[in-house]
Amino acid sequence: MEVAVNYNKIGDKIRERRMFLKMTQEKLANEIDVSASFISDIENGRRKMSLETMIKISIVLKTSLDYFILDNINSVKIKNEIKIEQLKNLLQPIDEKEQSTFLDFTINSARYLASRKR
């Protein structure tokens, strides 16, 4: 059985998650005891990493290996969790009344989508 690993896609996902956490390549590199240029090479698909390094990266970036290597329902779940965190961050500077209006809109949209499934 042959398995094709898309290291460019893995690198893209690492970069995406690192940037979402507002972490520099240097910070990630320091956390897992590698060089920043190694992180750059991984993110750009120029170098492969060991499983041990990938596990360290997933721990520091607070996600699962699944997110980096599989395109399945668990990845969608993790992406949705990331989007919820992004939404929380975006709502922080907005006053409570506007947050309430936005959340009401979101809840009503979810209700509409749920009603279509019945």
# chains A, B, ... in the order shown; residues from 1 in each chain; ligands from 1
>>> residues_around(residues="range 37-44 of chain A", least_positions_apart="2", cutoff="12 Å", atoms="only C-alpha atoms", output="count of residues only")
36
>>> residues_around(residues="range 83-98 of chain A", least_positions_apart="5", cutoff="9 Å", atoms="only C-alpha atoms", output="number ranges by chain")
A: 20, 78, 103
>>> write_last_selection(atoms="all heavy atoms", output="PDB file, in the first residue's frame")
ATOM      1  N   PHE A  20      -3.069  31.896  13.821  1.00  0.00           N
ATOM      2  CA  PHE A  20      -4.307  32.083  14.571  1.00  0.00           C
ATOM      3  C   PHE A  20      -4.000  32.327  16.047  1.00  0.00           C
ATOM      4  O   PHE A  20      -4.631  33.155  16.695  1.00  0.00           O
ATOM      5  CB  PHE A  20      -5.219  30.854  14.416  1.00  0.00           C
ATOM      6  CG  PHE A  20      -6.366  30.862  15.374  1.00  0.00           C
ATOM      7  CD1 PHE A  20      -7.427  31.728  15.208  1.00  0.00           C
ATOM      8  CD2 PHE A  20      -6.381  30.000  16.461  1.00  0.00           C
ATOM      9  CE1 PHE A  20      -8.484  31.742  16.101  1.00  0.00           C
ATOM     10  CE2 PHE A  20      -7.417  30.011  17.362  1.00  0.00           C
ATOM     11  CZ  PHE A  20      -8.479  30.884  17.180  1.00  0.00           C
ATOM     12  N   ILE A  78     -12.390  20.260  14.460  1.00  0.00           N
ATOM     13  CA  ILE A  78     -11.314  21.116  14.972  1.00  0.00           C
ATOM     14  C   ILE A  78     -11.367  22.483  14.293  1.00  0.00           C
ATOM     15  O   ILE A  78     -11.224  23.520  14.941  1.00  0.00           O
ATOM     16  CB  ILE A  78      -9.943  20.446  14.796  1.00  0.00           C
ATOM     17  CG1 ILE A  78      -9.846  19.240  15.729  1.00  0.00           C
ATOM     18  CG2 ILE A  78      -8.809  21.426  15.077  1.00  0.00           C
ATOM     19  CD1 ILE A  78      -8.665  18.351  15.458  1.00  0.00           C
ATOM     20  N   LEU A 103     -25.397  37.799  18.433  1.00  0.00           N
ATOM     21  CA  LEU A 103     -25.696  36.446  18.906  1.00  0.00           C
ATOM     22  C   LEU A 103     -27.143  36.059  18.607  1.00  0.00           C
ATOM     23  O   LEU A 103     -27.418  34.912  18.248  1.00  0.00           O
ATOM     24  CB  LEU A 103     -25.386  36.326  20.395  1.00  0.00           C
ATOM     25  CG  LEU A 103     -23.891  36.427  20.741  1.00  0.00           C
ATOM     26  CD1 LEU A 103     -23.698  36.508  22.250  1.00  0.00           C
ATOM     27  CD2 LEU A 103     -23.118  35.272  20.151  1.00  0.00           C
TER      28      LEU A 103
END
>>> atom_distance(atom1="CA of Gln99 in chain A", atom2="CA of Ser115 in chain A")
24.1 Å
>>> atom_distance(atom1="CA of Ile107 in chain A", atom2="CA of Asn80 in chain A")
16.0 Å
>>> select_by_dssp(residues="chain A", states="helix (DSSP H, G or I)", output="PyMOL selection string")
chain A and resi 7-20+25-32+36-43+51-60+65-69+73-91+96-117
